[in-house]
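Have a look at model18.pdb; it's PDB, C-alpha atoms:
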```pdb
ATOM      1  CA  MET N  24       0.000   0.000   0.000
ATOM      2  CA  CYS N  25       1.424   3.353  -0.995
ATOM      3  CA  ARG N  26       2.057   5.980   1.705
ATOM      4  CA  PRO N  27       0.525   9.423   1.090
ATOM      5  CA  HIS N  28       2.939  12.125   0.008
ATOM      6  CA  THR N  29       3.594  14.691   2.785
ATOM      7  CA  ALA N  30       4.951  18.222   2.407
ATOM      8  CA  PRO N  31       8.412  18.832   3.906
ATOM      9  CA  ASN N  32       8.513  20.114   7.442
ATOM     10  CA  ALA N  33       8.320  23.915   7.428
ATOM     11  CA  ALA N  34      10.680  24.337  10.399
ATOM     12  CA  ALA N  35      13.337  22.137   8.791
ATOM     13  CA  LYS N  36      12.999  24.124   5.583
ATOM     14  CA  ARG N  37      13.529  27.399   7.457
ATOM     15  CA  ARG N  38      16.614  25.991   9.195
ATOM     16  CA  GLU N  39      18.025  24.882   5.875
ATOM     17  CA  ASP N  40      17.433  28.323   4.372
ATOM     18  CA  ALA N  41      19.095  29.972   7.385
ATOM     19  CA  VAL N  42      22.151  27.756   6.994
ATOM     20  CA  VAL N  43      22.393  28.639   3.305
ATOM     21  CA  ARG N  44      22.107  32.366   4.049
ATOM     22  CA  SER N  45      24.710  32.248   6.812
ATOM     23  CA  SER N  46      27.156  30.326   4.639
ATOM     24  CA  THR N  47      26.616  32.833   1.839
ATOM     25  CA  LEU N  48      27.232  35.770   4.159
ATOM     26  CA  ALA N  49      30.321  34.058   5.581
ATOM     27  CA  GLY N  50      31.646  33.541   2.072
ATOM     28  CA  MET N  51      31.056  37.200   1.210
ATOM     29  CA  TRP N  52      32.717  38.313   4.468
ATOM     30  CA  THR N  53      35.847  36.257   3.806
ATOM     31  CA  LYS N  54      36.137  37.970   0.428
ATOM     32  CA  ILE N  55      35.911  41.423   2.009
ATOM     33  CA  TRP N  56      37.953  40.910   5.187
ATOM     34  CA  PRO N  57      40.817  41.067   5.845
ATOM     35  CA  LEU N  58      41.454  44.069   3.636
ATOM     36  CA  PRO N  59      44.572  44.231   1.462
ATOM     37  CA  VAL N  60      47.336  46.287   3.055
ATOM     38  CA  PRO N  61      47.755  48.554  -0.035
ATOM     39  CA  LEU N  62      44.055  49.458   0.177
ATOM     40  CA  VAL N  63      44.408  50.543   3.820
ATOM     41  CA  LEU N  64      47.489  52.613   2.915
ATOM     42  CA  VAL N  65      45.456  54.373   0.233
ATOM     43  CA  LEU N  66      42.658  55.113   2.732
ATOM     44  CA  ILE N  67      44.954  56.669   5.362
ATOM     45  CA  PRO N  68      45.206  60.108   3.643
ATOM     46  CA  LEU N  69      41.399  60.290   3.742
ATOM     47  CA  LEU N  70      41.453  60.584   7.529
ATOM     48  CA  PRO N  71      40.642  64.058   8.880
ATOM     49  CA  HIS N  72      43.675  65.988  10.108
ATOM     50  CA  SER N  73      42.199  66.102  13.604
ATOM     51  CA  ALA N  74      42.567  62.317  13.791
ATOM     52  CA  TYR N  75      46.381  62.392  13.752
ATOM     53  CA  LEU N  76      47.677  65.982  14.020
ATOM     54  CA  ASN N  77      48.492  67.223  17.529
ATOM     55  CA  ARG N  78      47.555  63.804  18.782
ATOM     56  CA  GLY N  79      49.680  61.772  21.153
ATOM     57  CA  TYR N  80      51.853  58.935  19.987
ATOM     58  CA  THR N  81      49.420  56.573  21.714
ATOM     59  CA  VAL N  82      46.693  57.750  19.311
ATOM     60  CA  TRP N  83      48.929  56.750  16.403
ATOM     61  CA  PHE N  84      49.395  53.391  18.137
ATOM     62  CA  HIS N  85      45.622  52.988  18.318
ATOM     63  CA  LEU N  86      45.204  53.952  14.652
ATOM     64  CA  SER N  87      47.833  51.359  13.756
ATOM     65  CA  SER N  88      45.888  48.829  15.836
ATOM     66  CA  VAL N  89      42.770  49.549  13.781
ATOM     67  CA  ALA N  90      44.845  49.033  10.626
ATOM     68  CA  TYR N  91      45.962  45.652  11.970
ATOM     69  CA  PHE N  92      42.432  44.456  12.695
ATOM     70  CA  LEU N  93      41.436  45.521   9.178
ATOM     71  CA  THR N  94      44.355  43.755   7.470
ATOM     72  CA  ARG N  95      45.438  41.049   9.965
ATOM     73  CA  SER N  96      49.006  41.687   8.834
ATOM     74  CA  ALA N  97      51.443  39.500  10.785
ATOM     75  CA  PHE N  98      54.255  42.012  10.252
ATOM     76  CA  LEU N  99      52.141  44.900  11.566
ATOM     77  CA  ARG N 100      51.192  42.790  14.595
ATOM     78  CA  ARG N 101      54.873  42.287  15.428
ATOM     79  CA  VAL N 102      55.510  46.009  15.004
ATOM     80  CA  LEU N 103      52.623  46.821  17.355
ATOM     81  CA  ILE N 104      54.040  44.526  20.039
ATOM     82  CA  LEU N 105      57.380  46.341  20.017
ATOM     83  CA  GLN N 106      55.782  49.736  19.523
ATOM     84  CA  GLY N 107      53.320  49.187  22.368
ATOM     85  CA  THR N 108      56.096  48.019  24.684
ATOM     86  CA  ALA N 109      58.196  51.103  23.912
ATOM     87  CA  ILE N 110      55.178  53.364  24.492
ATOM     88  CA  CYS N 111      54.462  51.770  27.869
ATOM     89  CA  VAL N 112      58.095  52.072  28.963
ATOM     90  CA  GLY N 113      58.295  55.748  27.928
ATOM     91  CA  TRP N 114      54.873  56.731  29.265
ATOM     92  CA  TYR N 115      55.241  55.166  32.703
ATOM     93  CA  ALA N 116      58.795  56.487  32.995
ATOM     94  CA  ALA N 117      57.364  59.980  32.481
ATOM     95  CA  ILE N 118      54.658  59.284  35.091
ATOM     96  CA  ALA N 119      57.344  58.124  37.550
ATOM     97  CA  ASN N 120      59.374  61.273  36.854
ATOM     98  CA  ASP N 121      56.382  63.465  37.720
ATOM     99  CA  TRP N 122      55.859  61.540  40.946
ATOM    100  CA  PHE N 123      59.436  61.366  42.235
ATOM    101  CA  VAL N 124      60.742  64.690  40.906
ATOM    102  CA  ASP N 125      57.732  67.034  40.925
ATOM    103  CA  GLY N 126      55.686  65.292  43.628
ATOM    104  CA  ILE N 127      52.557  64.927  41.471
ATOM    105  CA  PHE N 128      50.989  61.545  40.747
ATOM    106  CA  CYS N 129      49.500  60.917  37.301
ATOM    107  CA  HIS N 130      48.585  64.555  36.697
ATOM    108  CA  SER N 131      49.846  64.162  33.130
ATOM    109  CA  LEU N 132      47.369  61.297  32.703
ATOM    110  CA  TYR N 133      44.448  63.256  34.153
ATOM    111  CA  ARG N 134      45.151  66.397  32.113
ATOM    112  CA  ASN N 135      45.294  64.485  28.832
ATOM    113  CA  MET N 136      42.043  62.566  29.202
ATOM    114  CA  PRO N 137      39.050  63.502  27.009
ATOM    115  CA  GLY N 138      37.372  66.734  28.049
ATOM    116  CA  ALA N 139      34.252  64.937  29.274
ATOM    117  CA  ILE N 140      36.395  63.203  31.920
ATOM    118  CA  THR N 141      38.920  65.964  32.621
ATOM    119  CA  GLN N 142      36.244  68.500  33.604
ATOM    120  CA  HIS N 143      35.411  66.391  36.665
ATOM    121  CA  MET N 144      39.039  66.222  37.896
ATOM    122  CA  LEU N 145      40.679  69.592  37.320
ATOM    123  CA  ARG N 146      40.391  73.089  35.937
ATOM    124  CA  GLU N 147      42.935  74.651  33.616
ATOM    125  CA  VAL N 148      44.042  78.118  34.769
ATOM    126  CA  PRO N 149      44.834  80.629  31.975
ATOM    127  CA  GLY N 150      48.328  82.049  32.218
ATOM    128  CA  GLU N 151      51.179  83.509  30.234
ATOM    129  CA  ASP N 152      51.856  80.137  28.675
ATOM    130  CA  GLY N 153      48.275  79.849  27.453
ATOM    131  CA  GLY N 154      47.266  77.602  30.324
ATOM    132  CA  LYS N 155      49.528  74.739  29.241
ATOM    133  CA  GLY N 156      51.300  74.529  32.573
ATOM    134  CA  SER N 157      48.701  76.015  34.938
ATOM    135  CA  TYR N 158      45.842  74.046  36.480
ATOM    136  CA  GLU N 159      44.239  73.135  39.776
ATOM    137  CA  MET N 160      43.044  69.702  40.829
ATOM    138  CA  PHE N 161      39.642  69.274  42.457
ATOM    139  CA  ASP N 162      39.288  68.055  46.037
ATOM    140  CA  HIS N 163      39.770  64.310  46.548
ATOM    141  CA  GLU N 164      36.537  64.251  48.557
ATOM    142  CA  ASP N 165      34.575  65.030  45.404
ATOM    143  CA  MET N 166      33.156  61.648  44.325
ATOM    144  CA  SER N 167      32.840  62.724  40.701
ATOM    145  CA  ALA N 168      36.576  63.545  40.684
ATOM    146  CA  VAL N 169      37.410  60.174  42.255
ATOM    147  CA  MET N 170      35.294  58.297  39.729
ATOM    148  CA  ALA N 171      36.838  60.267  36.856
ATOM    149  CA  LYS N 172      40.313  59.305  38.066
ATOM    150  CA  VAL N 173      39.334  55.654  38.319
ATOM    151  CA  ILE N 174      37.975  55.756  34.762
ATOM    152  CA  SER N 175      41.206  57.436  33.636
ATOM    153  CA  HIS N 176      43.334  54.628  35.057
ATOM    154  CA  VAL N 177      41.073  51.958  33.549
ATOM    155  CA  LEU N 178      41.292  53.563  30.096
ATOM    156  CA  ASP N 179      45.046  54.011  30.498
ATOM    157  CA  THR N 180      45.483  50.324  31.326
ATOM    158  CA  LEU N 181      43.271  49.204  28.454
ATOM    159  CA  GLY N 182      44.894  51.510  25.917
ATOM    160  CA  HIS N 183      48.523  50.889  26.838
ATOM    161  CA  PRO N 184      49.700  47.589  28.415
ATOM    162  CA  LEU N 185      46.594  45.457  27.820
ATOM    163  CA  LEU N 186      46.381  46.378  24.134
ATOM    164  CA  ALA N 187      50.067  45.596  23.658
ATOM    165  CA  TYR N 188      49.596  42.318  25.535
ATOM    166  CA  LEU N 189      46.616  41.440  23.310
ATOM    167  CA  PHE N 190      48.871  41.617  20.268
ATOM    168  CA  TRP N 191      51.408  39.398  22.035
ATOM    169  CA  VAL N 192      48.688  36.806  22.788
ATOM    170  CA  LEU N 193      47.560  36.859  19.150
ATOM    171  CA  HIS N 194      51.178  36.508  18.080
ATOM    172  CA  ARG N 195      51.711  33.480  20.299
ATOM    173  CA  LYS N 196      48.482  31.860  19.100
ATOM    174  CA  ALA N 197      49.769  32.234  15.547
ATOM    175  CA  GLY N 198      52.914  30.314  16.524
ATOM    176  CA  GLY N 199      55.128  33.396  16.797
ATOM    177  CA  THR N 200      58.084  33.829  19.133
ATOM    178  CA  LEU N 201      60.036  36.685  20.658
ATOM    179  CA  LYS N 202      62.654  36.264  17.946
ATOM    180  CA  ASP N 203      59.995  37.021  15.364
ATOM    181  CA  VAL N 204      59.141  40.278  17.136
ATOM    182  CA  LEU N 205      62.750  41.353  17.577
ATOM    183  CA  SER N 206      63.690  40.957  13.931
ATOM    184  CA  TRP N 207      65.636  43.670  12.136
ATOM    185  CA  PRO N 208      62.737  44.748   9.871
ATOM    186  CA  VAL N 209      60.402  45.108  12.870
ATOM    187  CA  ILE N 210      62.934  47.053  14.965
ATOM    188  CA  VAL N 211      63.811  49.401  12.111
ATOM    189  CA  PHE N 212      60.171  50.007  11.134
ATOM    190  CA  ALA N 213      58.956  50.613  14.711
ATOM    191  CA  TRP N 214      61.781  53.065  15.467
ATOM    192  CA  HIS N 215      61.223  55.016  12.264
ATOM    193  CA  PHE N 216      57.472  55.101  12.905
ATOM    194  CA  SER N 217      58.162  56.807  16.230
ATOM    195  CA  ARG N 218      60.461  59.305  14.547
ATOM    196  CA  VAL N 219      57.848  60.041  11.868
ATOM    197  CA  TRP N 220      55.455  61.078  14.637
ATOM    198  CA  SER N 221      58.052  63.535  15.939
ATOM    199  CA  LEU N 222      58.887  64.825  12.457
ATOM    200  CA  VAL N 223      55.232  65.468  11.635
ATOM    201  CA  HIS N 224      54.432  67.311  14.862
ATOM    202  CA  SER N 225      57.631  69.335  15.074
ATOM    203  CA  HIS N 226      57.148  70.506  11.482
ATOM    204  CA  HIS N 227      53.430  71.151  11.997
ATOM    205  CA  ASN N 228      53.882  73.213  15.176
ATOM    206  CA  ALA N 229      57.357  74.745  14.834
ATOM    207  CA  GLY N 230      57.935  74.672  11.093
ATOM    208  CA  THR N 231      61.159  72.717  11.553
ATOM    209  CA  PRO N 232      61.240  68.915  11.397
ATOM    210  CA  ALA N 233      62.971  67.220  14.325
ATOM    211  CA  LEU N 234      63.478  63.577  15.195
ATOM    212  CA  TRP N 235      62.331  64.203  18.780
ATOM    213  CA  TYR N 236      59.318  66.458  19.242
ATOM    214  CA  HIS N 237      59.420  68.822  22.230
ATOM    215  CA  GLY N 238      56.563  71.209  22.995
ATOM    216  CA  HIS N 239      53.204  71.941  24.624
ATOM    217  CA  ASP N 240      51.061  71.587  21.494
ATOM    218  CA  VAL N 241      50.304  67.866  21.834
ATOM    219  CA  TYR N 242      50.252  67.115  25.560
ATOM    220  CA  MET N 243      49.174  69.171  28.581
ATOM    221  CA  LEU N 244      52.223  68.849  30.854
ATOM    222  CA  GLU N 245      53.599  70.361  34.039
ATOM    223  CA  ASN N 246      56.943  70.813  32.283
ATOM    224  CA  LEU N 247      58.718  69.476  29.223
ATOM    225  CA  ASP N 248      61.130  67.256  31.162
ATOM    226  CA  CYS N 249      58.681  64.413  30.598
ATOM    227  CA  TYR N 250      59.697  64.305  26.941
ATOM    228  CA  LEU N 251      63.363  63.780  27.789
ATOM    229  CA  VAL N 252      62.561  61.003  30.257
ATOM    230  CA  ALA N 253      60.174  59.291  27.826
ATOM    231  CA  TYR N 254      62.618  59.480  24.915
ATOM    232  CA  VAL N 255      65.469  58.074  27.014
ATOM    233  CA  ALA N 256      63.284  55.196  28.222
ATOM    234  CA  GLU N 257      62.104  54.518  24.674
ATOM    235  CA  GLY N 258      65.697  54.566  23.451
ATOM    236  CA  LEU N 259      66.694  52.053  26.113
ATOM    237  CA  CYS N 260      63.826  49.798  25.001
ATOM    238  CA  PHE N 261      64.910  49.883  21.366
ATOM    239  CA  GLY N 262      68.533  49.519  22.439
ATOM    240  CA  ALA N 263      67.702  46.364  24.395
ATOM    241  CA  ALA N 264      65.803  44.986  21.399
ATOM    242  CA  THR N 265      68.776  45.718  19.130
ATOM    243  CA  LEU N 266      71.243  44.055  21.502
ATOM    244  CA  CYS N 267      69.030  40.962  21.786
ATOM    245  CA  ARG N 268      68.752  40.666  18.020
ATOM    246  CA  ALA N 269      72.493  41.159  17.520
ATOM    247  CA  ASN N 270      73.292  38.587  20.222
ATOM    248  CA  TRP N 271      70.915  36.031  18.689
ATOM    249  CA  ASP N 272      72.493  36.571  15.281
ATOM    250  CA  ARG N 273      75.952  36.072  16.799
ATOM    251  CA  LEU N 274      74.862  32.835  18.476
ATOM    252  CA  ASP N 275      73.296  31.595  15.240
ATOM    253  CA  ARG N 276      76.533  32.268  13.386
ATOM    254  CA  SER N 277      78.526  30.496  16.094
ATOM    255  CA  GLN N 278      76.310  27.431  15.874
ATOM    256  CA  SER N 279      76.607  27.317  12.105
ATOM    257  CA  LEU N 280      80.385  27.642  12.303
ATOM    258  CA  SER N 281      80.626  24.932  14.975
ATOM    259  CA  THR N 282      80.036  22.285  12.299
ATOM    260  CA  MET N 283      83.002  23.430  10.207
ATOM    261  CA  PRO N 284      85.741  21.839  12.407
ATOM    262  CA  LEU N 285      84.136  18.438  11.779
ATOM    263  CA  VAL N 286      84.617  18.899   8.050
ATOM    264  CA  GLY N 287      88.153  20.101   8.616
ATOM    265  CA  LYS N 288      88.908  17.119  10.803
ATOM    266  CA  GLY N 289      87.721  14.710   8.137
ATOM    267  CA  TYR N 290      89.781  16.535   5.547
ATOM    268  CA  TYR N 291      93.016  16.317   7.508
ATOM    269  CA  GLU N 292      92.396  12.692   8.489
ATOM    270  CA  GLY N 293      91.871  11.888   4.817
ATOM    271  CA  VAL N 294      95.144  13.593   3.896
ATOM    272  CA  LEU N 295      97.079  11.764   6.607
ATOM    273  CA  SER N 296      95.579   8.402   5.767
ATOM    274  CA  GLY N 297      96.468   8.961   2.104
ATOM    275  CA  ALA N 298     100.040   9.771   3.076
ATOM    276  CA  LYS N 299     100.299   6.421   4.895
ATOM    277  CA  GLY N 300      99.271   4.482   1.820
ATOM    278  CA  ASP N 301      95.633   4.065   2.811
ATOM    279  CA  GLU N 302      93.478   3.153  -0.153
ATOM    280  CA  LYS N 303      90.834   5.709   0.899
ATOM    281  CA  PRO N 304      91.066   8.764  -1.338
ATOM    282  CA  ALA N 305      92.027  11.988   0.398
ATOM    283  CA  LEU N 306      89.697  14.970   0.255
ATOM    284  CA  VAL N 307      90.788  17.635  -2.173
ATOM    285  CA  HIS N 308      90.273  21.337  -1.499
ATOM    286  CA  SER N 309      88.150  22.837  -4.256
ATOM    287  CA  GLU N 310      87.480  26.518  -4.847
ATOM    288  CA  SER N 311      84.214  25.606  -6.556
ATOM    289  CA  ALA N 312      83.072  23.724  -3.442
ATOM    290  CA  VAL N 313      83.831  26.758  -1.293
ATOM    291  CA  SER N 314      81.960  28.998  -3.697
ATOM    292  CA  THR N 315      78.968  26.678  -3.710
ATOM    293  CA  SER N 316      78.915  26.558   0.107
ATOM    294  CA  SER N 317      79.081  30.359   0.311
ATOM    295  CA  LEU N 318      76.261  30.667  -2.216
ATOM    296  CA  ILE N 319      74.071  28.287  -0.216
ATOM    297  CA  GLU N 320      74.725  30.209   3.018
ATOM    298  CA  SER N 321      73.878  33.515   1.273
ATOM    299  CA  HIS N 322      70.658  32.019  -0.063
ATOM    300  CA  GLU N 323      69.650  30.793   3.415
ATOM    301  CA  SER N 324      70.366  34.251   4.927
ATOM    302  CA  LEU N 325      68.263  35.964   2.244
ATOM    303  CA  LYS N 326      65.455  33.442   2.819
ATOM    304  CA  SER N 327      65.522  34.105   6.601
ATOM    305  CA  TRP N 328      65.453  37.891   6.032
ATOM    306  CA  THR N 329      62.464  37.557   3.672
ATOM    307  CA  LEU N 330      60.505  35.408   6.119
ATOM    308  CA  ASN N 331      60.913  38.057   8.811
ATOM    309  CA  TRP N 332      58.749  40.433   6.736
ATOM    310  CA  THR N 333      55.864  37.986   6.354
TER     311      THR N 333
END
```
Can I see the file as structure tokens?
Amino acid sequence: MCRPHTAPNAAAKRREDAVVRSSTLAGMWTKIWPLPVPLVLVLIPLLPHSAYLNRGYTVWFHLSSVAYFLTRSAFLRRVLILQGTAICVGWYAAIANDWFVDGIFCHSLYRNMPGAITQHMLREVPGEDGGKGSYEMFDHEDMSAVMAKVISHVLDTLGHPLLAYLFWVLHRKAGGTLKDVLSWPVIVFAWHFSRVWSLVHSHHNAGTPALWYHGHDVYMLENLDCYLVAYVAEGLCFGAATLCRANWDRLDRSQSLSTMPLVGKGYYEGVLSGAKGDEKPALVHSESAVSTSSLIESHESLKSWTLNWT
């Protein structure tokens, strides 16, 4: 006996359609994101000047972070790890200088928060310097001031060390190591990126480009000594990275050269055994063999350098 034909279940049909739509959207999304790096570079000049002019170096770090999440560039991620570390070292060195030298704790942080937060913590006092170095903090008993300071420290932690650590976690999940971060291309690019920030702001505000910006136009500071402290700390960070990379390269060369005495030992043993009438043929020194070995080593070095940029 034949069974009557039944219409397909409506709920199952809807689920099937939803799966098809989601897979289609996922396929379209993978075609759009991540964006090609050249496309992001073309879009950068379209940013309004207020997004990067007279903005702190941390803002440039955040803009670079947005560029990473748009492109998922492994090289940019490594740069952001080193860049973020250098920013944290310089920034907190400047904070420590204010505390131990001038006796003020995190006033530079509070004064450079967004206006909606700053207005609850302090008031800028107009003066001969245009109010850049004159201000008064509100009473600590004011709960709105206390809450504004707490928010300032939370944002500072999120925007400095935690963001840099996020890139390190992503780097480790991708199988990266510290050696990948402290490669020559990454060190050179990160250092020059910092200097570009100084060149842009010194030329924009003083008309003269300088590798180390120094002025009141970007940050609200008690005095300009913070710049010197931050630049020295940043230089020490890049110096340590350079020394680590140079030491690793030296160790790698030493390990590669450690195999050469074994070849030399076999060569001399072959010569001596040949001199004693041994039937084993002695090794013969060949200029072509040396040239071939040098060419192979040069090719391996070039391959290693290229991989560092990926």
Neighbour list for N:Tyr250 as a list of chain:residue names, cut-off 10 Å, all atoms listed in the file, skip fewer than 5 positions in-chain: N:Gly113, N:Trp114, N:Ala116, N:Ala117, N:Trp235, N:Tyr236, N:His237, N:Gly238, N:Tyr242, N:Leu244, N:Val255, N:Ala256
Spatial neighbours of stretch 193-195 of chain N, max dist 12 Å, all atoms listed in the file, sep filter under 5 positions, as a ChimeraX atom specification: /N:91-92,95-105,186-188,200-204
Export C-alpha atoms of the chosen residues as an mmCIF file, in the frame of the given file?
```
data_model
loop_
_atom_site.group_PDB
_atom_site.id
_atom_site.type_symbol
_atom_site.label_atom_id
_atom_site.label_comp_id
_atom_site.auth_asym_id
_atom_site.auth_seq_id
_atom_site.Cartn_x
_atom_site.Cartn_y
_atom_site.Cartn_z
ATOM 1 C CA TYR N 91 45.962 45.652 11.970
ATOM 2 C CA PHE N 92 42.432 44.456 12.695
ATOM 3 C CA ARG N 95 45.438 41.049 9.965
ATOM 4 C CA SER N 96 49.006 41.687 8.834
ATOM 5 C CA ALA N 97 51.443 39.500 10.785
ATOM 6 C CA PHE N 98 54.255 42.012 10.252
ATOM 7 C CA LEU N 99 52.141 44.900 11.566
ATOM 8 C CA ARG N 100 51.192 42.790 14.595
ATOM 9 C CA ARG N 101 54.873 42.287 15.428
ATOM 10 C CA VAL N 102 55.510 46.009 15.004
ATOM 11 C CA LEU N 103 52.623 46.821 17.355
ATOM 12 C CA ILE N 104 54.040 44.526 20.039
ATOM 13 C CA LEU N 105 57.380 46.341 20.017
ATOM 14 C CA LEU N 186 46.381 46.378 24.134
ATOM 15 C CA ALA N 187 50.067 45.596 23.658
ATOM 16 C CA TYR N 188 49.596 42.318 25.535
ATOM 17 C CA THR N 200 58.084 33.829 19.133
ATOM 18 C CA LEU N 201 60.036 36.685 20.658
ATOM 19 C CA LYS N 202 62.654 36.264 17.946
ATOM 20 C CA ASP N 203 59.995 37.021 15.364
ATOM 21 C CA VAL N 204 59.141 40.278 17.136
#
```
Shell around N:Ile210 at 8 Å using all atoms listed in the file, local window under 4 positions removed, as a ChimeraX atom specification: /N:102,105,205-206,214,261,264-265
Please produce a file of the residues just selected, as a tab-separated table (two decimals), in the frame of the given file, where the atoms kept are C-alpha atoms.
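Output (out_8.tsv):
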```tsv
chain	number	residue	atom	x	y	z
N	102	VAL	CA	55.51	46.01	15.00
N	105	LEU	CA	57.38	46.34	20.02
N	205	LEU	CA	62.75	41.35	17.58
N	206	SER	CA	63.69	40.96	13.93
N	214	TRP	CA	61.78	53.06	15.47
N	261	PHE	CA	64.91	49.88	21.37
N	264	ALA	CA	65.80	44.99	21.40
N	265	THR	CA	68.78	45.72	19.13
```
Write out as CSV the residues of stretch 169-201 of chain N that have any atom within 8 Å of an atom of stretch 119-141 of chain N, one row each with the nearest atom pair and its distance in Å to one decimal, counting only C-alpha atoms, sorted by chain and then rising number.
```
residue,atom,partner,partner_atom,distance
N:Ala171,CA,N:Ile140,CA,5.8
N:Lys172,CA,N:Tyr133,CA,6.9
N:Ser175,CA,N:Tyr133,CA,6.7
N:Asp179,CA,N:Leu132,CA,8.0
```
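For the atom pair formed by atom CA of N:Arg218 and atom CA of N:Leu76, the distance is 14.4 Å, given to one decimal.
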Among listed residues N:Gly258, N:Pro71, N:Gly198, N:Gly107, nearest N:Thr180 (using only C-alpha atoms):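 Result for the nearest residue to N:Thr180: N:Gly107.
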Atomic separation - atom CA of N:Trp56 relative to atom CA of N:Thr94, Å: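 Distance between the two atoms: 7.4 Å.
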Interatomic distance, atom CA of N:Ser87 to atom CA of N:Asp248 (Å, one decimal): 27.1 Å
Test item: residues at most 12 Å from N:Asp272, only C-alpha atoms, excluding those fewer than 2 positions along its chain, as JSON, numbers by chain: {"N": [202, 205, 206, 207, 265, 266, 267, 268, 269, 270, 274, 275, 276, 277, 278, 279, 324, 327, 328]}
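The shortest atom-to-atom distance to N:Asn228, with only C-alpha atoms taken into account, belongs to N:Arg78 out of N:Pro57, N:Tyr158, N:Arg78, N:Val177.
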Using all atoms listed in the file: which of N:Pro61, N:Ile174, N:Val89, N:Val241 has the shortest distance to N:Val223: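 Checking each candidate against N:Val223, we get N:Val241 as the closest.
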